[in-house]
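J.: Please find one structure pasted underneath; my questions will follow.
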Amino acid sequence: QDKTDINFRLDWSIYGSHAPFYLALQKGMYSDAGLNVTIGEGQGSATVAQLIAQGQDQLGFVDFGTMARGVEQGMPVTAVMRVISDVMCIISHADAPITEPKGLEGKVVAFAPSESTALVFPALLASQEVDPASVSVLNPAFGAKNAMFLQKRADAIPGNYNVQVAQLEGQGAEVEYFRFADFGLRQMNNGIIVNNSFKDANPEALKAFLEVTAAAFEQATADPEVAVDALIEVLPEQRRNRDVLLRQLVLTADSYKTENTQDKPFGWMEAKDWEDTQHILTEYGGMPRSLPVEQFYTNDFLPES
Amino acid sequence: MSELINIKGVSKRFDELLALDNINLTVRDGEFVAIVGSSGCGKSTLLRLIAGLLPTSEGIVEVNGHKVKGPADDVGIAFQTPVLLPWRSVVENVSLQLEVRKLPKAKYETELRRLIELVGLNGFEDRKPYELSGGMQQRVALCRALIHNPALLLMDEPFGALDAMTREQLNLELQRIWMETRKTIVLITHSIIEAVFLADRVVVMSPRPGRITKIIDVPVPRPRSFSGLGDPAFQAACDEVRTLMNASGLTE
Amino acid sequence: MSELINIKGVSKRFDELLALDNINLTVRDGEFVAIVGSSGCGKSTLLRLIAGLLPTSEGIVEVNGHKVKGPADDVGIAFQTPVLLPWRSVVENVSLQLEVRKLPKAKYETELRRLIELVGLNGFEDRKPYELSGGMQQRVALCRALIHNPALLLMDEPFGALDAMTREQLNLELQRIWMETRKTIVLITHSIIEAVFLADRVVVMSPRPGRITKIIDVPVPRPRSFSGLGDPAFQAACDEVRTLMNASGLTE
Amino acid sequence: MKGFLYPFATFVLFILGWHVLATYTDIPPYLLPTPTAVVERIYEDFPFLMRNAWSTTYITLCGFLLSVVIGIPLALAIVSSNLLDRAIMPWLVLSQTFPKVALAPLIVVWFGLGLWPKVLVTFLVAFFPIVISSVVGLRSMEREMLELAASMRASRLQLFWKFRMPLALPSILGGIKVSVAFSVVGAVIAEWVGANVGLGYLLLSANANLDTSLLFSVLIFLTVIGIVLYYSVEFAERFLIPWHATQRLKETPSLT
Amino acid sequence: MKGFLYPFATFVLFILGWHVLATYTDIPPYLLPTPTAVVERIYEDFPFLMRNAWSTTYITLCGFLLSVVIGIPLALAIVSSNLLDRAIMPWLVLSQTFPKVALAPLIVVWFGLGLWPKVLVTFLVAFFPIVISSVVGLRSMEREMLELAASMRASRLQLFWKFRMPLALPSILGGIKVSVAFSVVGAVIAEWVGANVGLGYLLLSANANLDTSLLFSVLIFLTVIGIVLYYSVEFAERFLIPWHATQRLKETPSLT
Ligand SMILES: Nc1ncnc2c1ncn2[C@@H]1O[C@H](COP(=O)(O)OP(=O)(O)OP(=O)(O)O)[C@@H](O)[C@H]1O
Ligand SMILES: Nc1ncnc2c1ncn2[C@@H]1O[C@H](COP(=O)(O)OP(=O)(O)OP(=O)(O)O)[C@@H](O)[C@H]1O
Ligand SMILES: [Mg+2]
Ligand SMILES: [Mg+2]
C-alpha cells in the first residue's frame, strides 16, 4: 500500500517521555492511520533540528528554544505540537534541599555547556536578583554532570525534572527540586516540529500523525505501564530501565499544559507561550533578534477535539 | 670505431669542494677502459656523471653522440656498494634488472643460472642479502649488472671484496664476456694489475681536484692470460701506472 | 708469550648452513695474525665469534683465559663495512669510540688529529659520511678502531676500498703501530701479499664449511719494508698461501 | 606459550585491581561497576551486543580500508613533489585539528545518514597517521638506492612499487597500526550522529541512562575489536616484512 | 617565495569555493556561514576568542609535551624487551579504542576539573602515534650498527642516546607530527570533559546554540593552532635530522 513514510527523530537517547511514541508505533496506531513511521534517537536538539531542516528526517521531537534559534537562522521548520513545558528545574540533595534561587548562593552548580538549561540558568539567577558571582558553576561533560551530583561534588544541578529526577533516584539518591516556572521563567520545552516542505506536501499525513500521537499520549497518561511496556517491546534492551522510564513518564504528565493552555486541547500552542520562550532567548540566550512568533508555529494540524 | 662516450671539459663541484676538474676523455664503442686513482680522487663521481646520475657543474658528457641528461638505456652499472634490496632473495635481486626493464624473465632464466653459478653463488639463490657475506653481496650486484647483457658496462670496484682466486676467475670471465659481446666497459679498480690486464687503456687520475694525469695504452694482444703476464708490454704499462700512482705495487 | 685468544673446536651454524666447522686456533699475546680465505668461507663470522658478537654453535672461544660471553673490553674492531653514524661528522664518528668508552676526549685530541692526518682525511673533519667516497668512509672506520689504542685489534678487510698507494702507506703504519704498542692484531684480508707482509702467521681457510686449511709462519724479520719483499722466506710464504688458495697471485 | 604469560598476568592483575576498586572502596556502581556485573551483563545481552558490535566493526573496517587505500597514494603524491607537499599538507593538518563530531551536521546534510558518511568520519579520524608514516617511509630512500633505480630507468610506478613501497613498508605498517586503533574510535564517533545501532549508539544511551555496566560492556567490546585488529596487522607484518630489522632482530633487541 | 605560491593558491581557491558554496547555493547559513560572516565574527570577538584559544593552546602544549616525554620512554621499554612489549602493548591499544569522553564521569570524579585531567585526556588522545612510530624507529637498527655499539660495550643508556635515538629520530618526528595535530583535538575533547573556557567549550555552546559563525571561527582558530604547531615540528626537523634522506633528498625526490 502507499503509506506515507515518516522518519521521526527523538531529541536524545530514550527516556520515559518518549514512551507514547513507541506505544503508537507498537500498537500499530501509526500504521492504521496510513503512516509508515520509523523512530530514531537523537544527539541533542540542535543536530536533530538540522536533520529535519535538511529533510533527512521529516518530523522530530526537539527543544522549542533550540528550534526558535534555528528558525531565526532560516531553518525551514515549524512547530506543530507542544508536548512538554516548564520542566526545567534545579535539583538538589534531599538532605540539603535548595528550594529557591536564593538558596543557590555559595553553592556549587554543575551543568554541561551544551544543555538548554545552561542558557536559562543565568535568567533564573537574574530574575531573583541572585549575584551570579556567588554561585560556583562547573561545566563537566553531559554524562559527568549526574555523577558529580551523586558524588556530592555539586550541590545542585539544573535539569528537566521529567528526565533527571527519576535517573538520580534510580541511582539511590534522594532529591529535591524546584521548577524554573515557579519563579516566573515560563518556557515551552519539547514538542514536535516538521520540515516545511513535508508539511506543505503532506498535510493529511501530518494531521494523522499528530492525531495518533495525541491519542497515544492520552492513553499513556491513563496507563503509563502499558506505554513503557510497548517501548520495551520495541527496544528490548531498555527492559532493565523499566522503573526509571515509568517514573519519567509519570512525571512528564504534569507538563502537558502551560498556564495559558489549561483549557486547550493537547498540543495546542499559545502566542503568549512563544513570546515568553523567545523573550528568554533574546534576553539571555544571545539570540540576535526576535521574530513575530507566528513564524515559529501553527496549530493548524492539530486534531480538533 | 665510433666514439661512445665523450667527456668534454667536465668539472664537478660539491659546494665548495671541487671533485673533478676539467676532465676530457673519449671512450670508443667496444673499448675496455680502466680508471685508477687514489681514494677520493673522483672516480665514482666520474662514473656517476657518465651514467647520468649526477649533473655536471661544467662541461658536457655525451653518450652515443647525445648529451647525457639522465640514465641511458642499455647500461649496466655495478656500484661501489652492493645496494641490494633487503626484501629480495639473491635471484630476485638479480632479476630486478629484468623486471624493471620489462625484459622477459623466462628468456633470461638460463643466463641467470649461469651467472649465479659463475660467481659461485649456487646454493644461495633463495637467500636474503643479510644472510650473505660481504663478498657474496658484491657478486650478486655483479650479476645484476650483467644479466641484461648491456652494451655499456660501468663498474665501480666490482671485485674489491673478493679473494684473489675468485677475483682472477671473474677477471677472466669479464674478458671473455667482453670479447664475445664487444661491450664498452668502464672499470674502476684499485688493482693496477687488474686494470692493465683487462683494459685497452688505463686512465690514471690525480686527487683533489680530480684530474686525468695520463692515459696509458696497453698494447697486449687478446685474449690475455695470467700466465702471459710476464710480457714486457704488460710490465711496462704496470710500472708506468705504479710510478704515476706512487705505489711500489707489491701489496696491491 | 701467553695465549690471548684460544679457539677450541668452534663451529658456527646459521640454520642449516654450517659456516664454520671445528676451528682450533690460538693467538698469542702481541701476535699479528692474518686470516685469508675465499669469499664466504667464514672469516667475518670467525672474527665476530672472537669479538663476542655472535655465540658459537659448538666449542668455546677464550680471550685472556675467560670464555667469551660478550664483547670484551679494550678491543678495537674495523668491520667489513664502514658502519658510520650518518648524523655524525668524520671527527665525531671517530670520537664516538671515546665517548662510549667514557675516555677523556681532550686527552685523545692530538692522537685523533694525527690519525685523521695519517689516513689523509684532513680537510674532511667536519664532513658527514654521505659526503665521503667509499674509501674515505673506510678510513674513518679505521681511525675509529684505532683511536683508543686497544690491546686487541680485529680488522675485517680494512684496506679493501683503498688504492695501492694509500694501502701501502697504511700497511707500514699498521706495522709501526703494532711494533710500538705490541697489540694483538687479527687481520682479515684478501691480499695475500698484505697478509704475509704484515703477519707473524697467516691462517688459510677453506670454504663451506669454513675450516682452517693450514697456518703458515712468516719468518721474516721486523721491521719489514716493501723493498725487502724479495726475501726468499717471504716469497716462499706467499707462494704457499697462493697454492693453498689456488690463485696465481698476479691480479690480487 | 611463555610469551603469553605476561600479558595474561597483567590482565589478571588489572581485573583484580578493578575488582578491589569497585568492591572495597566507596566508588559507587554508577561510576565503576564490578567486573562481575559487567561479565554478567555481557553474558545476558550477548546476542544484542554482538549485533551492535558487528555494525561498528563493519564501519571500522570500511573506514580503515579507505584510510589505507587513500592514505598511501596521498603520501606518494606528497613525496613525489614538493609543490604538492606544500599544497596538500596544510589541508590534511587542518582536517585533523578539530573534532569530527563538530562537523557531523554538515556531513549528515551532505551525505545523509547511511553507511558512507559514517565511513567518511572514520576515515577522517584514521587516515592521517598512515599519510605521515608513509611519507616518512617513502622519503627514507638513500641516494644509492635511488641511483640504482634510476640506472635501471625505473618508471615512477616501478620506483614506487619495487623500491619505495617495500622500503617504506615497516614505517607504513606502523602508521597502519595507529590507524587501525583509531578506526575503532572513529566508528564510534561516526555512530554518534544519527545511528540506531552500533556500539557508539549504545555508548550514548548508556551514558544518558547512567547505565555503567552497559558502558563498560561496550568499552570491553571496543577493546576486543581494537586489539584483534591491531594484532592482525602485527601478524601480517611478519609476512610482509620478514626481512626488516624490526622483525628480524625482534628477539635480540640488544647485544649488550 | 615560490614555494608559498601553491599553498596560498589552494587557500584562495578554498575560500573562493567556500564563498560560492555559502552564497550561491541553497546551503543555509545555519549549516555554512559565509566567509565574510566568519571573518566579521572573528574581528568582533577577537579578544574573547584569543582568550579561549590561549587556554586551549596551553592544554594542547602540555598534553603534547607529556605525550613526547612519556611516549618515547614507553617505546624504549617496549623495544628493549619482548616481555614488556607483550605486557604493555595491549593496554596501550586498549587506551586508544574508545572515545575519551566516554570516560568523562570517571575522569571528572577522580581528577576533578582542573588542568591536569585535561592534560591527561589530551595525552591519551595524542601519545599513541609517538609510541608506535618510536617503536618502529628504535627497532630499525641494522645488525651492523648493533654490533658496532656492542663492540664498544655501549651501555643500555648509551645504546639509546648515541645510536637508537638519533637513528629513530626521523620516524619519531613523524609520530610527533601526528601527535601534535591530535593534541589540538585532544584539548578540545578534554574541554568537553569539563571546562568553562576554551575553544572546546565554545564549540559545544556554539553547536548547542546553532551559532555557526562562532563554530567556524573556533574551527579556524583550531586550524591555525594546529598548523602552527605542525610546521614548528617540521621546522625543527631540519635542524634535528639534516643528515637524513627525508631531509637531504627532499628537493630531489626522483632521479628519473
Ligand atoms: N646472519 C647470517 N645468517 C645466515 N647466514 C649467514 C649469516 N652471516 C653469514 N652467513 C653465512 O656464513 C657464511 C660465512 O659468512 P662470512 O661473512 O663469515 O664470510 P666471509 O669469509 O667474511 O666472506 P667475505 O670475504 O665475502 O666477507 C656465508 O656462507 C654466509 O652466507
Ligand atoms: N654527495 C657528495 N657530497 C659532497 N661531497 C661528495 C659527494 N660525493 C662525493 N663527494 C666528494 O667528492 C670527492 C670524490 O668522491 P668519489 O666518491 O668520486 O671518490 P672515489 O674516487 O670514488 O674514491 P674511492 O676510491 O674512495 O671510492 C670526495 O672528496 C668526496 O668527499
Ligand atoms: Mg668510489
Ligand atoms: Mg666478510
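By convention in this document, the chains of the C-alpha cells carry letters A, B, ... by their order, each chain's residues are numbered from 1, and ligands are numbered from 1 in the order they are shown.
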Do you know which residues are at most 10 Å from Ala49 (chain A) counting only C-alpha atoms, after dropping those on the same chain fewer than 3 positions away, and could you put them as a ChimeraX atom specification?
T.: /A:9,11,42,44-46,52-55,57,59-64,66-71,75-77,193-195 /D:105 /E:210
J.: Return as a Markdown table the residues of chain D lying at most 9 Å from chain B, together with the closest atom-to-atom pair for each and the distance in Å to one decimal, counting only C-alpha atoms, with rows in chain order and ascending residue number.
T.:
| residue | atom | partner | partner_atom | distance |
| --- | --- | --- | --- | --- |
| D:Glu144 | CA | B:Val83 | CA | 6.7 |
| D:Met145 | CA | B:Val83 | CA | 6.3 |
| D:Glu147 | CA | B:Leu53 | CA | 6.4 |
| D:Leu148 | CA | B:Val83 | CA | 7.5 |
| D:Ala149 | CA | B:Val100 | CA | 8.4 |
| D:Ala150 | CA | B:Pro71 | CA | 6.4 |
| D:Ser151 | CA | B:Pro71 | CA | 5.4 |
| D:Met152 | CA | B:Gln97 | CA | 6.5 |
| D:Arg153 | CA | B:Pro71 | CA | 6.5 |
| D:Ala154 | CA | B:Val100 | CA | 5.7 |
| D:Ser155 | CA | B:Val100 | CA | 8.0 |
| D:Gln158 | CA | B:Val100 | CA | 6.7 |
| D:Leu159 | CA | B:Val100 | CA | 8.8 |
| D:Lys162 | CA | B:Val100 | CA | 8.2 |
| D:Phe163 | CA | B:Leu85 | CA | 7.9 |
| D:Pro166 | CA | B:Trp87 | CA | 7.4 |
| D:Leu167 | CA | B:Trp87 | CA | 8.3 |
| D:Ile241 | CA | B:Trp87 | CA | 7.3 |
| D:Pro242 | CA | B:Trp87 | CA | 7.8 |
| D:Trp243 | CA | B:Trp87 | CA | 5.4 |
| D:His244 | CA | B:Pro86 | CA | 7.5 |
J.: Print the selection's residues with C-alpha atoms to a file, as a compact mmCIF listing (two decimals), in the first residue's frame.
T.:
# COMPACT_ATOMS: atom_id res chain seq x y z
CA GLU D 144 72.36 4.77 -3.50
CA MET D 145 69.07 3.03 -4.00
CA GLU D 147 70.58 5.76 -8.19
CA LEU D 148 70.13 2.05 -8.65
CA ALA D 149 66.51 2.59 -9.61
CA ALA D 150 67.42 5.46 -11.90
CA SER D 151 70.17 3.48 -13.56
CA MET D 152 67.62 0.84 -14.46
CA ARG D 153 65.40 3.60 -15.80
CA ALA D 154 62.61 2.66 -13.46
CA SER D 155 59.37 4.44 -14.21
CA GLN D 158 58.16 0.98 -10.75
CA LEU D 159 60.10 3.26 -8.44
CA LYS D 162 59.60 -2.06 -6.50
CA PHE D 163 61.66 0.29 -4.38
CA PRO D 166 58.72 -2.19 0.14
CA LEU D 167 61.31 0.05 1.76
CA ILE D 241 58.45 -7.55 6.13
CA PRO D 242 60.28 -10.62 7.44
CA TRP D 243 63.47 -9.12 6.05
CA HIS D 244 63.34 -5.95 8.10
J.: Please check the contacts: residues of chain D at most 7 Å away from chain A, using only C-alpha atoms, listed as a PyMOL selection string.
T.: chain D and resi 105+109+112+192-194+196+205+207-209
J.: Residues within 8 Å of ligand 1 should be enumerated using only C-alpha atoms and all ligand atoms and returned as a PyMOL selection string.
T.: (chain B and resi 124+127+130-137+161-163) or (chain C and resi 13-15+17-20+37-47+80+156+190+207-208+210)
J.: Hey, what does DSSP flag as alpha helix (DSSP H) within region 10-218 of chain C? Can you give it to me as number ranges by chain?
T.: C: 43-51, 90-100, 105-118, 134-146, 164-181, 192-198
J.: Could you fit chain D onto chain E by least squares over every C-alpha atom, paired in order, and give me the moved chain as a compact mmCIF listing (two decimals) with C-alpha atoms, in the first residue's frame?
T.:
# COMPACT_ATOMS: atom_id res chain seq x y z
CA MET D 1 58.83 32.60 -2.09
CA LYS D 2 57.66 30.48 -4.98
CA GLY D 3 57.14 27.67 -2.52
CA PHE D 4 54.34 29.56 -0.87
CA LEU D 5 52.51 30.25 -4.09
CA TYR D 6 50.80 26.90 -4.24
CA PRO D 7 49.51 26.60 -0.69
CA PHE D 8 48.38 30.18 -1.02
CA ALA D 9 46.65 29.37 -4.29
CA THR D 10 44.82 26.39 -2.82
CA PHE D 11 43.90 28.57 0.11
CA VAL D 12 42.37 31.23 -2.13
CA LEU D 13 40.61 28.50 -4.10
CA PHE D 14 39.23 27.04 -0.92
CA ILE D 15 37.89 30.35 0.34
CA LEU D 16 36.40 31.04 -3.06
CA GLY D 17 34.70 27.66 -3.17
CA TRP D 18 33.38 28.22 0.31
CA HIS D 19 32.11 31.65 -0.64
CA VAL D 20 30.33 30.35 -3.73
CA LEU D 21 28.86 27.47 -1.78
CA ALA D 22 27.62 29.69 1.01
CA THR D 23 26.34 32.50 -1.20
CA TYR D 24 25.07 31.05 -4.43
CA THR D 25 23.65 27.72 -3.37
CA ASP D 26 20.73 27.24 -1.03
CA ILE D 27 22.88 26.04 1.84
CA PRO D 28 21.51 28.08 4.73
CA PRO D 29 23.75 30.05 7.10
CA TYR D 30 22.95 27.76 10.02
CA LEU D 31 24.83 25.07 8.15
CA LEU D 32 27.50 27.07 6.44
CA PRO D 33 28.09 30.74 7.17
CA THR D 34 29.72 32.91 4.52
CA PRO D 35 33.47 33.49 4.84
CA THR D 36 32.78 37.18 5.35
CA ALA D 37 30.42 36.45 8.23
CA VAL D 38 33.11 34.33 9.85
CA VAL D 39 35.81 36.93 9.30
CA GLU D 40 33.54 39.58 10.75
CA ARG D 41 32.83 37.39 13.73
CA ILE D 42 36.50 36.77 14.33
CA TYR D 43 37.19 40.48 14.01
CA GLU D 44 34.44 41.40 16.45
CA ASP D 45 35.20 38.79 19.06
CA PHE D 46 38.92 38.67 18.59
CA PRO D 47 40.06 39.29 22.18
CA PHE D 48 37.44 36.88 23.44
CA LEU D 49 38.43 34.18 20.96
CA MET D 50 42.10 34.73 21.68
CA ARG D 51 41.54 34.29 25.38
CA ASN D 52 39.80 30.99 24.78
CA ALA D 53 42.36 29.92 22.19
CA TRP D 54 45.14 30.56 24.64
CA SER D 55 43.56 28.27 27.18
CA THR D 56 43.18 25.51 24.60
CA THR D 57 46.70 26.02 23.32
CA TYR D 58 48.03 25.67 26.81
CA ILE D 59 46.27 22.33 27.31
CA THR D 60 47.38 21.24 23.85
CA LEU D 61 51.00 22.00 24.58
CA CYS D 62 50.98 20.36 27.99
CA GLY D 63 49.29 17.24 26.63
CA PHE D 64 51.61 17.13 23.68
CA LEU D 65 54.74 17.49 25.77
CA LEU D 66 53.48 14.81 28.13
CA SER D 67 52.94 12.55 25.11
CA VAL D 68 56.52 13.04 24.02
CA VAL D 69 57.98 12.70 27.48
CA ILE D 70 56.06 9.52 28.23
CA GLY D 71 55.66 8.11 24.73
CA ILE D 72 59.32 7.79 23.85
CA PRO D 73 60.42 6.05 27.06
CA LEU D 74 57.41 3.77 26.72
CA ALA D 75 58.56 2.86 23.22
CA LEU D 76 62.03 2.25 24.56
CA ALA D 77 60.65 -0.12 27.17
CA ILE D 78 58.69 -1.98 24.52
CA VAL D 79 61.70 -2.24 22.26
CA SER D 80 64.05 -3.28 24.99
CA SER D 81 62.15 -6.40 25.93
CA ASN D 82 59.76 -8.71 24.22
CA LEU D 83 58.01 -9.44 27.45
CA LEU D 84 57.31 -5.79 28.07
CA ASP D 85 56.11 -5.52 24.50
CA ARG D 86 53.60 -8.28 25.05
CA ALA D 87 52.67 -7.02 28.49
CA ILE D 88 52.26 -3.32 27.74
CA MET D 89 51.11 -3.10 24.15
CA PRO D 90 47.63 -4.56 24.55
CA TRP D 91 46.89 -1.93 27.18
CA LEU D 92 48.08 0.84 24.96
CA VAL D 93 45.88 -0.43 22.15
CA LEU D 94 43.04 -0.69 24.64
CA SER D 95 43.52 2.93 25.61
CA GLN D 96 43.03 3.93 21.99
CA THR D 97 39.95 2.02 20.98
CA PHE D 98 37.32 3.96 22.85
CA PRO D 99 36.42 7.63 22.73
CA LYS D 100 37.98 9.50 25.59
CA VAL D 101 34.80 11.41 26.33
CA ALA D 102 33.22 8.12 27.37
CA LEU D 103 35.62 7.99 30.31
CA ALA D 104 35.24 11.65 31.09
CA PRO D 105 33.13 11.10 34.22
CA LEU D 106 35.69 8.69 35.66
CA ILE D 107 38.53 11.02 34.86
CA VAL D 108 36.71 13.97 36.35
CA VAL D 109 35.86 12.05 39.47
CA TRP D 110 39.39 10.87 39.99
CA PHE D 111 41.23 13.94 38.92
CA GLY D 112 38.76 16.75 39.31
CA LEU D 113 38.11 19.59 36.92
CA GLY D 114 41.48 21.30 36.95
CA LEU D 115 44.20 21.48 34.36
CA TRP D 116 45.60 18.00 34.85
CA PRO D 117 42.62 15.89 33.90
CA LYS D 118 42.43 17.90 30.69
CA VAL D 119 46.08 17.37 30.02
CA LEU D 120 45.56 13.69 30.74
CA VAL D 121 42.76 13.42 28.19
CA THR D 122 44.89 15.21 25.63
CA PHE D 123 47.75 12.89 26.40
CA LEU D 124 45.52 9.85 25.94
CA VAL D 125 44.48 11.12 22.54
CA ALA D 126 47.97 12.08 21.39
CA PHE D 127 50.55 9.69 22.78
CA PHE D 128 49.86 6.53 20.79
CA PRO D 129 51.28 7.64 17.41
CA ILE D 130 54.50 8.62 19.15
CA VAL D 131 54.83 5.23 20.79
CA ILE D 132 54.24 3.27 17.61
CA SER D 133 56.49 5.44 15.45
CA SER D 134 59.19 5.36 18.08
CA VAL D 135 58.96 1.59 18.31
CA VAL D 136 59.36 1.30 14.55
CA GLY D 137 62.23 3.76 14.59
CA LEU D 138 64.01 2.29 17.59
CA ARG D 139 63.75 -1.21 16.19
CA SER D 140 65.07 -0.21 12.77
CA MET D 141 68.67 -0.65 13.76
CA GLU D 142 70.65 -2.90 11.52
CA ARG D 143 72.79 -5.70 12.89
CA GLU D 144 75.96 -3.86 11.83
CA MET D 145 75.26 -0.86 13.98
CA LEU D 146 74.16 -2.98 16.90
CA GLU D 147 77.47 -4.79 16.62
CA LEU D 148 79.36 -1.53 16.50
CA ALA D 149 77.63 -0.38 19.66
CA ALA D 150 78.20 -3.73 21.34
CA SER D 151 81.85 -3.78 20.37
CA MET D 152 82.28 -0.46 22.15
CA ARG D 153 80.50 -1.96 25.13
CA ALA D 154 77.84 0.70 25.03
CA SER D 155 75.58 0.66 28.04
CA ARG D 156 71.84 0.48 27.55
CA LEU D 157 71.62 4.18 28.08
CA GLN D 158 74.37 4.89 25.59
CA LEU D 159 72.85 2.49 23.10
CA PHE D 160 69.70 4.52 23.37
CA TRP D 161 71.10 8.03 23.35
CA LYS D 162 73.96 7.62 20.92
CA PHE D 163 72.60 5.06 18.51
CA ARG D 164 68.94 4.15 18.63
CA MET D 165 67.53 7.56 19.37
CA PRO D 166 69.23 9.55 16.59
CA LEU D 167 68.55 6.71 14.18
CA ALA D 168 64.91 6.65 15.19
CA LEU D 169 64.48 10.42 15.11
CA PRO D 170 63.04 10.65 11.60
CA SER D 171 60.43 8.10 12.49
CA ILE D 172 59.79 9.60 15.92
CA LEU D 173 59.34 13.01 14.38
CA GLY D 174 56.74 11.51 12.07
CA GLY D 175 54.87 10.27 15.12
CA ILE D 176 55.27 13.65 16.77
CA LYS D 177 53.72 15.35 13.76
CA VAL D 178 50.65 13.17 14.04
CA SER D 179 50.61 13.65 17.76
CA VAL D 180 50.78 17.41 17.63
CA ALA D 181 47.75 17.55 15.38
CA PHE D 182 45.88 15.14 17.61
CA SER D 183 46.81 17.11 20.71
CA VAL D 184 44.68 19.96 19.46
CA VAL D 185 41.65 17.75 19.03
CA GLY D 186 42.47 16.13 22.35
CA ALA D 187 42.43 19.48 24.11
CA VAL D 188 39.04 20.25 22.59
CA ILE D 189 37.63 16.97 23.81
CA ALA D 190 39.18 17.57 27.20
CA GLU D 191 37.34 20.86 27.41
CA TRP D 192 34.03 19.18 26.77
CA VAL D 193 33.95 17.98 30.30
CA GLY D 194 33.45 20.77 32.71
CA ALA D 195 35.37 23.66 31.25
CA ASN D 196 34.11 27.22 31.28
CA VAL D 197 36.68 28.48 28.88
CA GLY D 198 38.51 27.26 25.81
CA LEU D 199 37.72 26.58 22.20
CA GLY D 200 36.21 23.21 23.04
CA TYR D 201 33.79 24.91 25.38
CA LEU D 202 32.94 27.47 22.71
CA LEU D 203 32.41 24.70 20.19
CA LEU D 204 29.84 23.13 22.45
CA SER D 205 27.91 26.29 23.05
CA ALA D 206 28.12 27.28 19.38
CA ASN D 207 26.69 23.88 18.58
CA ALA D 208 23.93 24.21 21.15
CA ASN D 209 22.96 27.68 19.95
CA LEU D 210 23.19 26.85 16.23
CA ASP D 211 25.76 29.65 16.15
CA THR D 212 27.63 28.56 13.05
CA SER D 213 29.67 31.69 12.58
CA LEU D 214 31.11 31.10 16.04
CA LEU D 215 31.53 27.40 15.23
CA PHE D 216 33.54 28.19 12.14
CA SER D 217 35.55 30.87 13.89
CA VAL D 218 36.52 28.27 16.45
CA LEU D 219 37.38 25.76 13.75
CA ILE D 220 39.61 28.35 12.11
CA PHE D 221 41.37 29.05 15.39
CA LEU D 222 41.86 25.33 15.95
CA THR D 223 43.27 24.96 12.48
CA VAL D 224 45.66 27.83 12.96
CA ILE D 225 46.89 26.36 16.24
CA GLY D 226 47.28 22.95 14.62
CA ILE D 227 49.09 24.20 11.57
CA VAL D 228 51.43 26.43 13.53
CA LEU D 229 52.35 23.57 15.84
CA TYR D 230 52.69 21.11 12.95
CA TYR D 231 55.01 23.33 10.98
CA SER D 232 57.01 24.10 14.10
CA VAL D 233 57.77 20.40 14.29
CA GLU D 234 58.58 20.32 10.60
CA PHE D 235 60.87 23.29 11.12
CA ALA D 236 62.58 21.63 14.06
CA GLU D 237 63.10 18.59 11.87
CA ARG D 238 65.51 20.48 9.65
CA PHE D 239 67.79 21.08 12.57
CA LEU D 240 67.37 17.75 14.25
CA ILE D 241 67.88 15.44 11.29
CA PRO D 242 69.62 17.39 8.51
CA TRP D 243 71.61 14.25 7.77
CA HIS D 244 68.63 12.07 6.99
CA ALA D 245 67.40 11.21 3.53
CA THR D 246 63.95 12.61 4.34
CA GLN D 247 65.59 16.00 4.69
CA ARG D 248 68.62 15.76 2.47
CA LEU D 249 66.89 14.44 -0.61
CA LYS D 250 63.69 16.41 -0.15
CA GLU D 251 64.52 18.62 -3.07
CA THR D 252 65.38 15.73 -5.37
CA PRO D 253 62.55 13.30 -4.77
CA SER D 254 63.30 11.41 -7.94
CA LEU D 255 66.25 11.06 -10.21
CA THR D 256 64.21 9.84 -13.14
J.: If you run DSSP on the backbone here, which positions in region 19-54 of chain C get strand (DSSP E)? Please write them as a list in words.
T.: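 Taking region 19-54 of chain C and keeping strand (DSSP E) gives Ala19, Leu20, Asp21, Asn22, Ile23, Asn24, Leu25, Thr26, Val27, Arg28, Phe32, Val33, Ala34, Ile35, Val36 and Gly37 of chain C.
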J.: Tell me, as a CSV table (one decimal) with N, CA, C and O atoms, in the first residue's frame, which residues lie within 9 Å of Asn64 (chain B), counting only C-alpha atoms; anything in the same chain fewer than 2 positions away does not count.
T.:
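Okay, this is what ended up in around_24.csv:
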chain,number,residue,atom,x,y,z
B,2,SER,N,83.6,4.0,-33.5
B,2,SER,CA,83.0,5.3,-33.2
B,2,SER,C,83.2,5.6,-31.7
B,2,SER,O,83.4,4.8,-30.9
B,3,GLU,N,83.0,6.9,-31.4
B,3,GLU,CA,83.1,7.3,-30.0
B,3,GLU,C,81.8,7.0,-29.3
B,3,GLU,O,80.7,7.5,-29.7
B,4,LEU,N,81.8,6.3,-28.2
B,4,LEU,CA,80.6,6.1,-27.5
B,4,LEU,C,80.4,7.1,-26.4
B,4,LEU,O,79.3,7.7,-26.2
B,5,ILE,N,81.5,7.3,-25.6
B,5,ILE,CA,81.4,8.3,-24.5
B,5,ILE,C,82.4,9.4,-24.8
B,5,ILE,O,83.5,9.2,-25.2
B,6,ASN,N,81.9,10.6,-24.7
B,6,ASN,CA,82.7,11.8,-25.0
B,6,ASN,C,82.5,12.8,-23.8
B,6,ASN,O,81.5,13.4,-23.6
B,29,ASP,N,83.5,3.0,-28.9
B,29,ASP,CA,82.5,1.9,-28.9
B,29,ASP,C,83.2,0.6,-28.8
B,29,ASP,O,84.1,0.3,-29.6
B,62,GLU,N,78.8,13.3,-23.3
B,62,GLU,CA,77.9,12.7,-24.4
B,62,GLU,C,78.1,11.2,-24.4
B,62,GLU,O,79.2,10.7,-24.3
B,66,HIS,N,74.7,11.9,-27.9
B,66,HIS,CA,73.7,12.7,-27.3
B,66,HIS,C,74.2,13.2,-25.9
B,66,HIS,O,74.8,12.4,-25.2
B,67,LYS,N,73.9,14.4,-25.6
B,67,LYS,CA,74.2,14.9,-24.3
B,67,LYS,C,73.5,14.1,-23.2
B,67,LYS,O,72.3,13.9,-23.3
J.: Interatomic distance between atom 12 (O, counted along the ligand's line) of ligand 2 and CA of Thr184 (chain B)?
T.: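 Atom 12 (O, counted along the ligand's line) of ligand 2 sits 25.1 Å away from CA of Thr184 (chain B).
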J.: Just the number, please: distance in Å from CA of Ala133 (chain A) to CA of Glu283 (chain A), one decimal.
T.: 19.0 Å
J.: Tell me which protein, DNA and RNA residues are within 12 Å of Glu111 (chain B), counting only C-alpha atoms, leaving out same-chain ones fewer than 5 positions away, and put them as a VMD selection string.
T.: chain B and resid 91 94 to 95 98 105 to 106 116 to 118 143 to 144 146 to 149
J.: I want to know what sits within 10 Å of Pro55 (chain B), based on only C-alpha atoms, with residues of the same chain fewer than 5 positions away left out; could you give that as a list in words?
T.: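 After dropping sequence-adjacent residues, the list is Ser11, Lys12, Arg48, Leu49, Ile50, Ile60, Val61, Val68, Lys69 and Gly70 of chain B.
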